[in-house]
file protein.cif (mmCIF, C-alpha atoms)
data_work
#
loop_
_atom_site.label_atom_id
_atom_site.label_comp_id
_atom_site.auth_asym_id
_atom_site.auth_seq_id
_atom_site.Cartn_x
_atom_site.Cartn_y
_atom_site.Cartn_z
CA MET K 1 15.74 11.72 -8.01
CA ASN K 2 15.41 12.18 -4.27
CA LYS K 3 15.45 9.03 -2.18
CA ARG K 4 13.80 8.04 1.06
CA ARG K 5 14.44 5.13 3.41
CA LEU K 6 12.00 2.23 3.07
CA GLY K 7 11.59 1.52 6.74
CA LYS K 8 13.48 -1.36 8.31
CA THR K 9 14.42 -2.81 4.91
CA GLY K 10 17.22 -0.25 4.83
CA TYR K 11 16.62 0.29 1.12
CA ASP K 12 16.95 3.86 -0.14
CA VAL K 13 14.16 4.13 -2.70
CA SER K 14 13.20 6.80 -5.20
CA GLU K 15 10.41 9.09 -4.00
CA ILE K 16 8.57 8.31 -7.20
CA GLY K 17 8.46 4.61 -7.98
CA PHE K 18 6.66 2.73 -10.73
CA GLY K 19 3.48 0.70 -10.26
CA THR K 20 3.12 -1.91 -13.00
CA TRP K 21 -0.59 -2.72 -12.74
CA ALA K 22 -1.37 -0.46 -15.71
CA ILE K 23 1.09 -2.24 -18.01
CA GLY K 24 -0.02 -5.66 -16.82
CA SER K 25 -3.79 -5.75 -17.00
CA ALA K 26 -7.18 -4.12 -16.28
CA TRP K 27 -6.34 -0.67 -17.64
CA GLY K 28 -7.07 -1.18 -21.32
CA ALA K 29 -4.61 -2.31 -23.99
CA VAL K 30 -0.92 -1.50 -23.60
CA SER K 31 1.57 -2.71 -26.18
CA ASP K 32 4.72 -4.56 -25.15
CA ASP K 33 6.88 -1.85 -26.72
CA GLU K 34 5.16 0.98 -24.86
CA ALA K 35 5.39 -0.91 -21.58
CA ARG K 36 9.08 -1.61 -22.01
CA ASP K 37 9.79 1.99 -23.00
CA ALA K 38 7.94 3.36 -19.96
CA LEU K 39 10.01 1.11 -17.68
CA ARG K 40 13.27 1.96 -19.43
CA VAL K 41 12.69 5.72 -19.24
CA SER K 42 11.84 5.45 -15.56
CA LEU K 43 15.02 3.55 -14.79
CA GLU K 44 17.09 6.06 -16.75
CA ARG K 45 15.52 8.93 -14.81
CA GLY K 46 16.48 7.48 -11.45
CA VAL K 47 13.48 5.35 -10.44
CA ASN K 48 14.79 2.38 -8.48
CA PHE K 49 11.59 0.94 -6.99
CA PHE K 50 9.26 -1.10 -9.19
CA ASP K 51 6.10 -2.63 -7.77
CA THR K 52 4.38 -5.57 -9.45
CA ALA K 53 2.26 -8.66 -8.71
CA ASP K 54 1.89 -12.17 -10.00
CA VAL K 55 -1.66 -11.45 -11.20
CA TYR K 56 -0.79 -8.40 -13.28
CA GLY K 57 -1.39 -9.88 -16.71
CA ASP K 58 -0.79 -13.38 -15.33
CA GLY K 59 2.86 -12.55 -14.69
CA ARG K 60 3.29 -10.17 -17.64
CA SER K 61 4.59 -7.31 -15.48
CA GLU K 62 6.98 -9.57 -13.61
CA ARG K 63 8.46 -10.75 -16.92
CA PHE K 64 8.92 -7.15 -18.05
CA LEU K 65 10.93 -6.46 -14.90
CA ALA K 66 13.08 -9.53 -15.49
CA GLU K 67 13.85 -8.15 -18.96
CA LEU K 68 14.64 -4.72 -17.51
CA LYS K 69 17.09 -6.21 -15.02
CA GLU K 70 18.83 -8.09 -17.84
CA THR K 71 19.82 -4.78 -19.43
CA GLY K 72 22.18 -4.26 -16.51
CA LYS K 73 21.97 -0.48 -16.91
CA SER K 74 21.18 0.13 -13.27
CA SER K 75 20.18 -1.92 -10.26
CA PHE K 76 16.69 -1.55 -8.79
CA ILE K 77 14.40 -3.01 -6.16
CA THR K 78 11.58 -5.32 -7.21
CA ALA K 79 8.53 -5.62 -4.99
CA THR K 80 5.96 -8.22 -5.99
CA LYS K 81 2.81 -9.58 -4.40
CA ALA K 82 1.16 -12.92 -3.79
CA GLY K 83 -2.30 -14.15 -2.85
CA ARG K 84 -4.70 -12.84 -5.46
CA GLN K 85 -4.30 -15.95 -7.59
CA LEU K 86 -6.44 -17.75 -5.05
CA ASN K 87 -9.85 -18.65 -6.44
CA PRO K 88 -11.93 -18.20 -4.44
CA HIS K 89 -9.95 -15.44 -2.74
CA THR K 90 -10.65 -16.38 0.86
CA ALA K 91 -8.72 -16.24 4.12
CA ASP K 92 -8.50 -20.03 4.26
CA GLY K 93 -6.54 -20.01 1.01
CA TYR K 94 -3.69 -18.07 2.64
CA THR K 95 -1.76 -21.10 3.83
CA PRO K 96 2.03 -21.16 4.11
CA GLU K 97 2.14 -23.82 1.42
CA ARG K 98 0.08 -21.85 -1.11
CA ILE K 99 1.97 -18.61 -0.54
CA LYS K 100 5.33 -20.35 -0.83
CA GLY K 101 4.16 -21.89 -4.10
CA PHE K 102 3.27 -18.43 -5.44
CA VAL K 103 6.68 -17.15 -4.32
CA LEU K 104 8.47 -19.86 -6.25
CA GLU K 105 6.45 -19.09 -9.37
CA SER K 106 7.28 -15.37 -9.09
CA LEU K 107 10.96 -16.15 -8.64
CA ASP K 108 10.86 -18.12 -11.88
CA ARG K 109 9.23 -15.25 -13.80
CA LEU K 110 11.55 -12.67 -12.23
CA GLU K 111 14.53 -14.90 -13.02
CA SER K 112 15.84 -14.43 -9.51
CA SER K 113 16.83 -16.52 -6.52
CA SER K 114 15.40 -14.10 -3.97
CA ILE K 115 12.60 -11.51 -3.97
CA ASP K 116 13.62 -8.06 -2.71
CA LEU K 117 10.21 -7.44 -1.16
CA LEU K 118 7.18 -9.74 -1.13
CA GLN K 119 3.80 -8.33 -0.15
CA LEU K 120 0.63 -10.21 0.70
CA HIS K 121 -1.81 -8.91 -1.90
CA CYS K 122 -4.76 -7.32 -0.10
CA PRO K 123 -5.87 -10.47 1.72
CA PRO K 124 -9.17 -10.65 3.59
CA THR K 125 -9.02 -8.96 6.99
CA GLU K 126 -9.07 -12.31 8.83
CA VAL K 127 -5.63 -13.17 7.41
CA TYR K 128 -3.98 -10.48 9.54
CA TYR K 129 -5.10 -12.39 12.61
CA ARG K 130 -3.27 -15.58 11.61
CA PRO K 131 0.23 -15.39 13.09
CA GLU K 132 1.20 -18.74 11.62
CA LEU K 133 1.25 -17.19 8.13
CA PHE K 134 3.59 -14.40 9.21
CA ALA K 135 5.81 -16.98 10.92
CA ALA K 136 5.99 -18.82 7.61
CA LEU K 137 7.07 -15.61 5.87
CA ASP K 138 9.82 -15.24 8.49
CA GLU K 139 10.97 -18.74 7.56
CA MET K 140 11.07 -17.82 3.86
CA VAL K 141 13.34 -14.91 4.76
CA GLU K 142 15.60 -17.30 6.67
CA GLU K 143 15.65 -19.63 3.65
CA GLY K 144 16.71 -16.75 1.43
CA LEU K 145 13.62 -16.86 -0.80
CA LEU K 146 12.69 -13.38 0.42
CA LYS K 147 14.88 -10.50 1.51
CA HIS K 148 11.97 -8.69 3.15
CA TYR K 149 8.19 -8.92 3.30
CA GLY K 150 5.25 -6.64 3.87
CA VAL K 151 1.57 -6.30 3.12
CA SER K 152 -0.65 -4.47 0.69
CA VAL K 153 -3.88 -3.49 2.43
CA GLU K 154 -7.30 -2.07 1.71
CA LYS K 155 -8.06 -0.72 5.18
CA VAL K 156 -6.24 1.26 7.86
CA GLU K 157 -7.42 -1.37 10.36
CA GLU K 158 -5.49 -4.03 8.42
CA ALA K 159 -2.38 -1.86 8.25
CA LEU K 160 -2.38 -1.28 12.00
CA LYS K 161 -2.81 -4.99 12.71
CA ALA K 162 -0.11 -5.98 10.22
CA ILE K 163 2.58 -3.82 11.78
CA GLU K 164 2.15 -5.62 15.08
CA TYR K 165 4.20 -8.42 13.47
CA PRO K 166 7.92 -7.59 13.80
CA GLY K 167 8.76 -9.09 10.41
CA VAL K 168 6.47 -6.77 8.48
CA SER K 169 8.82 -4.24 6.89
CA THR K 170 6.40 -2.31 4.66
CA VAL K 171 2.76 -1.48 4.15
CA GLN K 172 1.33 -0.54 0.79
CA ILE K 173 -1.82 1.53 1.13
CA ILE K 174 -4.08 3.83 -0.87
CA PHE K 175 -3.36 7.44 0.02
CA ASN K 176 -4.17 10.51 -2.03
CA ILE K 177 -6.04 13.81 -1.87
CA PHE K 178 -9.29 11.81 -1.98
CA ARG K 179 -8.22 9.14 0.56
CA GLN K 180 -6.65 10.88 3.54
CA ARG K 181 -7.44 8.65 6.50
CA PRO K 182 -3.99 6.96 6.70
CA ARG K 183 -2.45 10.24 7.87
CA ASP K 184 -4.64 10.29 11.03
CA LEU K 185 -3.10 7.39 12.96
CA PHE K 186 -1.42 4.88 10.70
CA PHE K 187 1.42 7.15 9.56
CA SER K 188 2.58 7.92 13.10
CA GLN K 189 2.42 4.25 14.10
CA ALA K 190 4.34 3.17 10.98
CA ALA K 191 7.06 5.71 11.74
CA LYS K 192 7.24 4.56 15.36
CA LYS K 193 7.80 0.95 14.23
CA ASP K 194 10.12 1.86 11.35
CA VAL K 195 7.74 0.47 8.72
CA GLY K 196 8.10 1.71 5.15
CA VAL K 197 4.98 3.23 3.57
CA ILE K 198 4.34 2.57 -0.13
CA VAL K 199 1.53 4.68 -1.58
CA ARG K 200 -0.57 3.26 -4.37
CA VAL K 201 -3.50 4.68 -6.38
CA PRO K 202 -2.02 8.16 -5.89
CA LEU K 203 -4.02 9.67 -8.75
CA ALA K 204 -7.34 8.02 -7.84
CA SER K 205 -7.33 5.93 -11.03
CA GLY K 206 -6.73 9.04 -13.12
CA LEU K 207 -9.37 11.29 -11.54
CA LEU K 208 -6.65 13.47 -10.06
CA THR K 209 -4.95 13.99 -13.42
CA GLY K 210 -7.69 16.50 -14.23
CA LYS K 211 -8.02 14.98 -17.70
CA MET K 212 -11.30 13.12 -17.25
CA THR K 213 -14.75 14.34 -18.20
CA ARG K 214 -18.33 13.36 -17.49
CA GLU K 215 -18.54 11.91 -21.00
CA GLN K 216 -15.42 9.76 -20.51
CA GLN K 217 -15.61 6.22 -21.89
CA PHE K 218 -13.45 3.36 -20.64
CA ALA K 219 -12.62 0.11 -22.42
CA ALA K 220 -14.48 -3.04 -21.46
CA ASP K 221 -11.30 -4.51 -19.92
CA ASP K 222 -10.57 -1.37 -17.88
CA HIS K 223 -11.45 -1.65 -14.17
CA ARG K 224 -12.72 1.94 -14.30
CA ASN K 225 -15.54 0.49 -16.36
CA PHE K 226 -16.21 -2.88 -14.73
CA ASN K 227 -15.38 -2.28 -11.04
CA ARG K 228 -16.97 1.03 -10.11
CA HIS K 229 -19.14 -0.65 -7.49
CA GLY K 230 -16.72 -3.40 -6.46
CA GLU K 231 -17.97 -6.01 -8.90
CA ALA K 232 -14.52 -7.61 -9.34
CA PHE K 233 -12.51 -6.48 -6.29
CA ASP K 234 -12.61 -3.83 -3.59
CA ARG K 235 -14.32 -0.73 -4.99
CA GLY K 236 -11.77 1.45 -3.20
CA GLU K 237 -9.23 0.45 -5.85
CA THR K 238 -11.29 2.23 -8.53
CA PHE K 239 -11.29 6.04 -8.33
CA ALA K 240 -10.18 5.51 -4.69
CA GLY K 241 -13.81 4.66 -3.90
CA VAL K 242 -15.01 8.17 -4.78
CA ASP K 243 -18.22 8.65 -6.76
CA TYR K 244 -17.06 9.61 -10.23
CA GLU K 245 -19.33 12.64 -10.65
CA ARG K 246 -18.58 13.98 -7.18
CA GLY K 247 -14.89 13.45 -7.81
CA LEU K 248 -15.01 15.53 -10.98
CA THR K 249 -16.66 18.37 -9.07
CA ALA K 250 -13.88 18.32 -6.46
CA VAL K 251 -11.23 18.16 -9.19
CA GLU K 252 -12.47 21.43 -10.67
CA LEU K 253 -11.95 23.14 -7.32
CA LEU K 254 -8.52 21.58 -6.90
CA ARG K 255 -7.53 22.75 -10.36
CA GLU K 256 -7.59 26.35 -9.14
CA LEU K 257 -4.80 25.52 -6.66
CA VAL K 258 -2.29 24.01 -9.10
CA PRO K 259 0.83 26.20 -9.36
CA GLU K 260 1.79 27.55 -12.75
CA GLY K 261 3.89 25.14 -14.78
CA MET K 262 2.76 22.07 -12.83
CA THR K 263 0.25 19.55 -14.16
CA MET K 264 -2.57 18.44 -11.93
CA ALA K 265 -1.14 14.92 -11.75
CA GLN K 266 2.16 16.35 -10.52
CA PHE K 267 0.26 18.47 -8.02
CA ALA K 268 -1.46 15.36 -6.63
CA LEU K 269 1.84 13.49 -6.38
CA ARG K 270 3.57 16.49 -4.78
CA TRP K 271 0.81 16.58 -2.13
CA ILE K 272 1.59 12.99 -1.15
CA LEU K 273 5.30 13.74 -0.89
CA MET K 274 4.52 16.46 1.65
CA PHE K 275 4.19 13.67 4.23
CA ASP K 276 7.55 12.51 5.56
CA GLU K 277 6.15 9.13 6.58
CA VAL K 278 5.71 8.21 2.91
CA SER K 279 8.66 6.22 1.59
CA THR K 280 7.68 6.08 -2.08
CA VAL K 281 4.71 6.72 -4.35
CA ILE K 282 4.00 4.24 -7.16
CA PRO K 283 1.92 5.82 -9.94
CA GLY K 284 1.41 3.74 -13.04
CA ALA K 285 2.34 4.72 -16.58
CA LYS K 286 1.30 3.21 -19.89
CA ARG K 287 3.65 5.32 -21.97
CA PRO K 288 7.07 6.96 -21.52
CA ALA K 289 5.55 10.45 -21.50
CA GLN K 290 3.35 9.55 -18.54
CA ALA K 291 6.35 8.15 -16.69
CA GLU K 292 8.31 11.36 -17.35
CA GLU K 293 5.45 13.49 -16.04
CA ASN K 294 5.18 11.42 -12.85
CA ILE K 295 8.90 11.54 -12.17
CA ALA K 296 9.08 15.31 -12.60
CA ALA K 297 6.66 15.78 -9.68
CA ALA K 298 9.55 15.16 -7.29
CA ASP K 299 11.41 18.18 -8.64
CA TYR K 300 8.83 20.79 -7.58
CA SER K 301 8.95 22.87 -4.42
CA PRO K 302 6.74 21.93 -1.45
CA LEU K 303 3.16 23.17 -1.54
CA SER K 304 2.34 26.18 0.63
CA ASP K 305 0.43 25.92 3.90
CA LYS K 306 -2.39 27.91 2.33
CA VAL K 307 -2.76 25.40 -0.50
CA MET K 308 -2.58 22.45 1.89
CA TYR K 309 -5.33 23.93 4.07
CA ARG K 310 -7.55 24.54 1.03
CA ILE K 311 -7.07 20.93 -0.12
CA ASP K 312 -8.21 19.80 3.32
CA ASP K 313 -11.31 21.99 3.03
CA ILE K 314 -12.26 20.47 -0.34
CA TYR K 315 -11.75 16.98 1.04
CA GLU K 316 -13.90 17.71 4.09
CA GLN K 317 -16.71 19.23 2.04
CA TYR K 318 -16.91 16.94 -0.99
CA ILE K 319 -15.14 13.64 -0.33
CA LYS K 320 -14.67 12.66 3.32
CA GLY K 321 -18.24 11.60 4.02
CA ASP K 322 -18.18 9.10 1.16
CA VAL K 323 -14.85 7.40 1.83
CA HIS K 324 -13.20 8.21 5.15
CA HIS K 325 -14.81 5.54 7.35
CA PHE K 326 -14.95 2.78 4.74
CA TRP K 327 -11.21 2.24 4.44
#

call {"tool": "encode", "arguments": {"input": "protein.cif", "output": "structure tokens"}}
result
Amino acid sequence: MNKRRLGKTGYDVSEIGFGTWAIGSAWGAVSDDEARDALRVSLERGVNFFDTADVYGDGRSERFLAELKETGKSSFITATKAGRQLNPHTADGYTPERIKGFVLESLDRLESSSIDLLQLHCPPTEVYYRPELFAALDEMVEEGLLKHYGVSVEKVEEALKAIEYPGVSTVQIIFNIFRQRPRDLFFSQAAKKDVGVIVRVPLASGLLTGKMTREQQFAADDHRNFNRHGEAFDRGETFAGVDYERGLTAVELLRELVPEGMTMAQFALRWILMFDEVSTVIPGAKRPAQAEENIAAADYSPLSDKVMYRIDDIYEQYIKGDVHHFW
């Protein structure tokens, strides 16, 4: 597994990481055994960056990672998030006291004395304009509760504001063939400030696997059913904000570009890895086979200029107008 530097953290992280939202909640049922096996296979194949959050299954994913670390087979970096437990989820809830309380709860579930990387979990935009919160995170680093901290954002605007704070080491952001805006300005600014870039929703909630159809049905507890229009959280988290039907049309055109022997999911992941500013990509996996497929994407050769240009054309024609200026 190739590794890239995660900004000013100094961590060398696997190009393909593991996002644990799918094994925690809101993606349909996943058994404990399947979840553990997917994590184990990933660790054995060289993945050393695992992203989680306190709200994924009310701490379920964090507990899985604590179990994985107990195996002692290989060390890895745990990145968790805090803030989405707030109800209501408002900017005023992001106080130093509340965030520190969430940190302590995560430490208990992770069975650790210090969190490798804590990320604010997609807070309202106003939070990024409250320097007292970032000062409190600096204090938690000094106390040893956190080794590093960063943010998970919905919008490029939030990412650009966040990296004005010297203590912000990483930004987690949605970036994929259907959500290309981060490459315009944010990537260059992140590189300039030595901020690690963690890419989430790389497969647009499965749209970019090429396996979905117009007749597809999703379980009642799957966000691809209940959050298509942002009913529960930001709609950009579901299918990357792309209209499902329009997305399927674009996928059929992209399918023609996939090199022989590569799956479409691997193609979509390989596209993301074409950008040097990306530190790691964190696709989810419900089963070991999915984890294996994701990991193998790092082994393929770079995509040709011709293919990259054609991807841009498809984005411009079918997707950009619906998503580019929203996030």

call {"tool": "atom_distance", "arguments": {"input": "protein.cif", "atom1": "atom CA of Leu110 of chain K", "atom2": "atom CA of Pro123 of chain K"}}
result
22.4 Å

call {"tool": "residues_around", "arguments": {"input": "protein.cif", "residues": "Thr95 of chain K", "least_positions_apart": "6", "cutoff": "10 Å", "atoms": "only C-alpha atoms", "output": "ChimeraX atom specification"}}
result
/K:83,101,127,130,132-133,136

call {"tool": "atom_distance", "arguments": {"input": "protein.cif", "atom1": "atom CA of Leu107 of chain K", "atom2": "atom CA of Phe134 of chain K"}}
result
19.4 Å

call {"tool": "resolve_selection", "arguments": {"input": "protein.cif", "expression": "the PyMOL selection byres ((chain K and resi 149) around 9)", "output": "PDB file with C-alpha atoms, in the coordinates of the input"}}
result
ATOM      1  CA  THR K   9      14.420  -2.810   4.910  1.00  0.00           C
ATOM      2  CA  ALA K  79       8.530  -5.620  -4.990  1.00  0.00           C
ATOM      3  CA  ILE K 115      12.600 -11.510  -3.970  1.00  0.00           C
ATOM      4  CA  ASP K 116      13.620  -8.060  -2.710  1.00  0.00           C
ATOM      5  CA  LEU K 117      10.210  -7.440  -1.160  1.00  0.00           C
ATOM      6  CA  LEU K 118       7.180  -9.740  -1.130  1.00  0.00           C
ATOM      7  CA  GLN K 119       3.800  -8.330  -0.150  1.00  0.00           C
ATOM      8  CA  LEU K 120       0.630 -10.210   0.700  1.00  0.00           C
ATOM      9  CA  LEU K 137       7.070 -15.610   5.870  1.00  0.00           C
ATOM     10  CA  ASP K 138       9.820 -15.240   8.490  1.00  0.00           C
ATOM     11  CA  VAL K 141      13.340 -14.910   4.760  1.00  0.00           C
ATOM     12  CA  LEU K 146      12.690 -13.380   0.420  1.00  0.00           C
ATOM     13  CA  LYS K 147      14.880 -10.500   1.510  1.00  0.00           C
ATOM     14  CA  HIS K 148      11.970  -8.690   3.150  1.00  0.00           C
ATOM     15  CA  GLY K 150       5.250  -6.640   3.870  1.00  0.00           C
ATOM     16  CA  VAL K 151       1.570  -6.300   3.120  1.00  0.00           C
ATOM     17  CA  GLY K 167       8.760  -9.090  10.410  1.00  0.00           C
ATOM     18  CA  VAL K 168       6.470  -6.770   8.480  1.00  0.00           C
ATOM     19  CA  SER K 169       8.820  -4.240   6.890  1.00  0.00           C
ATOM     20  CA  THR K 170       6.400  -2.310   4.660  1.00  0.00           C
TER      21      THR K 170
END

call {"tool": "residues_around", "arguments": {"input": "protein.cif", "residues": "Thr209 of chain K", "least_positions_apart": "6", "cutoff": "8 Å", "atoms": "only C-alpha atoms", "output": "ChimeraX atom specification"}}
result
/K:203,263-265,268

call {"tool": "closest_residue", "arguments": {"input": "protein.cif", "among": "K:Asn225, K:Gln189, K:Gln180, K:Asn48", "to": "Lys320 of chain K", "atoms": "only C-alpha atoms"}}
result
K:Gln180

call {"tool": "closest_residue", "arguments": {"input": "protein.cif", "among": "K:Ser61, K:Asn227, K:Asn294, K:Gln172", "to": "Leu160 of chain K", "atoms": "only C-alpha atoms"}}
result
K:Gln172

call {"tool": "residues_near_point", "arguments": {"input": "protein.cif", "point": "(6.9, 8.8, -17.7)", "cutoff": "10 Å", "atoms": "all atoms listed in the file", "output": "list in words"}}
result
Phe18, Asp37, Ala38, Leu39, Arg40, Val41, Ser42, Arg45, Pro283, Gly284, Ala285, Lys286, Arg287, Pro288, Ala289, Gln290, Ala291, Glu292, Glu293, Asn294, Ile295 and Ala296 of chain K

call {"tool": "write_last_selection", "arguments": {"input": "protein.cif", "atoms": "C-alpha atoms", "output": "PDB file, keeping the file's coordinate frame"}}
result
ATOM      1  CA  PHE K  18       6.660   2.730 -10.730  1.00  0.00           C
ATOM      2  CA  ASP K  37       9.790   1.990 -23.000  1.00  0.00           C
ATOM      3  CA  ALA K  38       7.940   3.360 -19.960  1.00  0.00           C
ATOM      4  CA  LEU K  39      10.010   1.110 -17.680  1.00  0.00           C
ATOM      5  CA  ARG K  40      13.270   1.960 -19.430  1.00  0.00           C
ATOM      6  CA  VAL K  41      12.690   5.720 -19.240  1.00  0.00           C
ATOM      7  CA  SER K  42      11.840   5.450 -15.560  1.00  0.00           C
ATOM      8  CA  ARG K  45      15.520   8.930 -14.810  1.00  0.00           C
ATOM      9  CA  PRO K 283       1.920   5.820  -9.940  1.00  0.00           C
ATOM     10  CA  GLY K 284       1.410   3.740 -13.040  1.00  0.00           C
ATOM     11  CA  ALA K 285       2.340   4.720 -16.580  1.00  0.00           C
ATOM     12  CA  LYS K 286       1.300   3.210 -19.890  1.00  0.00           C
ATOM     13  CA  ARG K 287       3.650   5.320 -21.970  1.00  0.00           C
ATOM     14  CA  PRO K 288       7.070   6.960 -21.520  1.00  0.00           C
ATOM     15  CA  ALA K 289       5.550  10.450 -21.500  1.00  0.00           C
ATOM     16  CA  GLN K 290       3.350   9.550 -18.540  1.00  0.00           C
ATOM     17  CA  ALA K 291       6.350   8.150 -16.690  1.00  0.00           C
ATOM     18  CA  GLU K 292       8.310  11.360 -17.350  1.00  0.00           C
ATOM     19  CA  GLU K 293       5.450  13.490 -16.040  1.00  0.00           C
ATOM     20  CA  ASN K 294       5.180  11.420 -12.850  1.00  0.00           C
ATOM     21  CA  ILE K 295       8.900  11.540 -12.170  1.00  0.00           C
ATOM     22  CA  ALA K 296       9.080  15.310 -12.600  1.00  0.00           C
TER      23      ALA K 296
END

call {"tool": "resolve_selection", "arguments": {"input": "protein.cif", "expression": "the PyMOL selection byres ((chain K and resi 270) around 10)", "output": "short mmCIF file (atom, residue, chain, number, x, y, z; two decimals) with C-alpha atoms, in the frame of the given file"}}
result
data_model
loop_
_atom_site.label_atom_id
_atom_site.label_comp_id
_atom_site.auth_asym_id
_atom_site.auth_seq_id
_atom_site.Cartn_x
_atom_site.Cartn_y
_atom_site.Cartn_z
CA ILE K 16 8.57 8.31 -7.20
CA MET K 262 2.76 22.07 -12.83
CA MET K 264 -2.57 18.44 -11.93
CA ALA K 265 -1.14 14.92 -11.75
CA GLN K 266 2.16 16.35 -10.52
CA PHE K 267 0.26 18.47 -8.02
CA ALA K 268 -1.46 15.36 -6.63
CA LEU K 269 1.84 13.49 -6.38
CA TRP K 271 0.81 16.58 -2.13
CA ILE K 272 1.59 12.99 -1.15
CA LEU K 273 5.30 13.74 -0.89
CA MET K 274 4.52 16.46 1.65
CA PHE K 275 4.19 13.67 4.23
CA VAL K 281 4.71 6.72 -4.35
CA ASN K 294 5.18 11.42 -12.85
CA ALA K 296 9.08 15.31 -12.60
CA ALA K 297 6.66 15.78 -9.68
CA ALA K 298 9.55 15.16 -7.29
CA ASP K 299 11.41 18.18 -8.64
CA TYR K 300 8.83 20.79 -7.58
CA SER K 301 8.95 22.87 -4.42
CA PRO K 302 6.74 21.93 -1.45
CA LEU K 303 3.16 23.17 -1.54
#
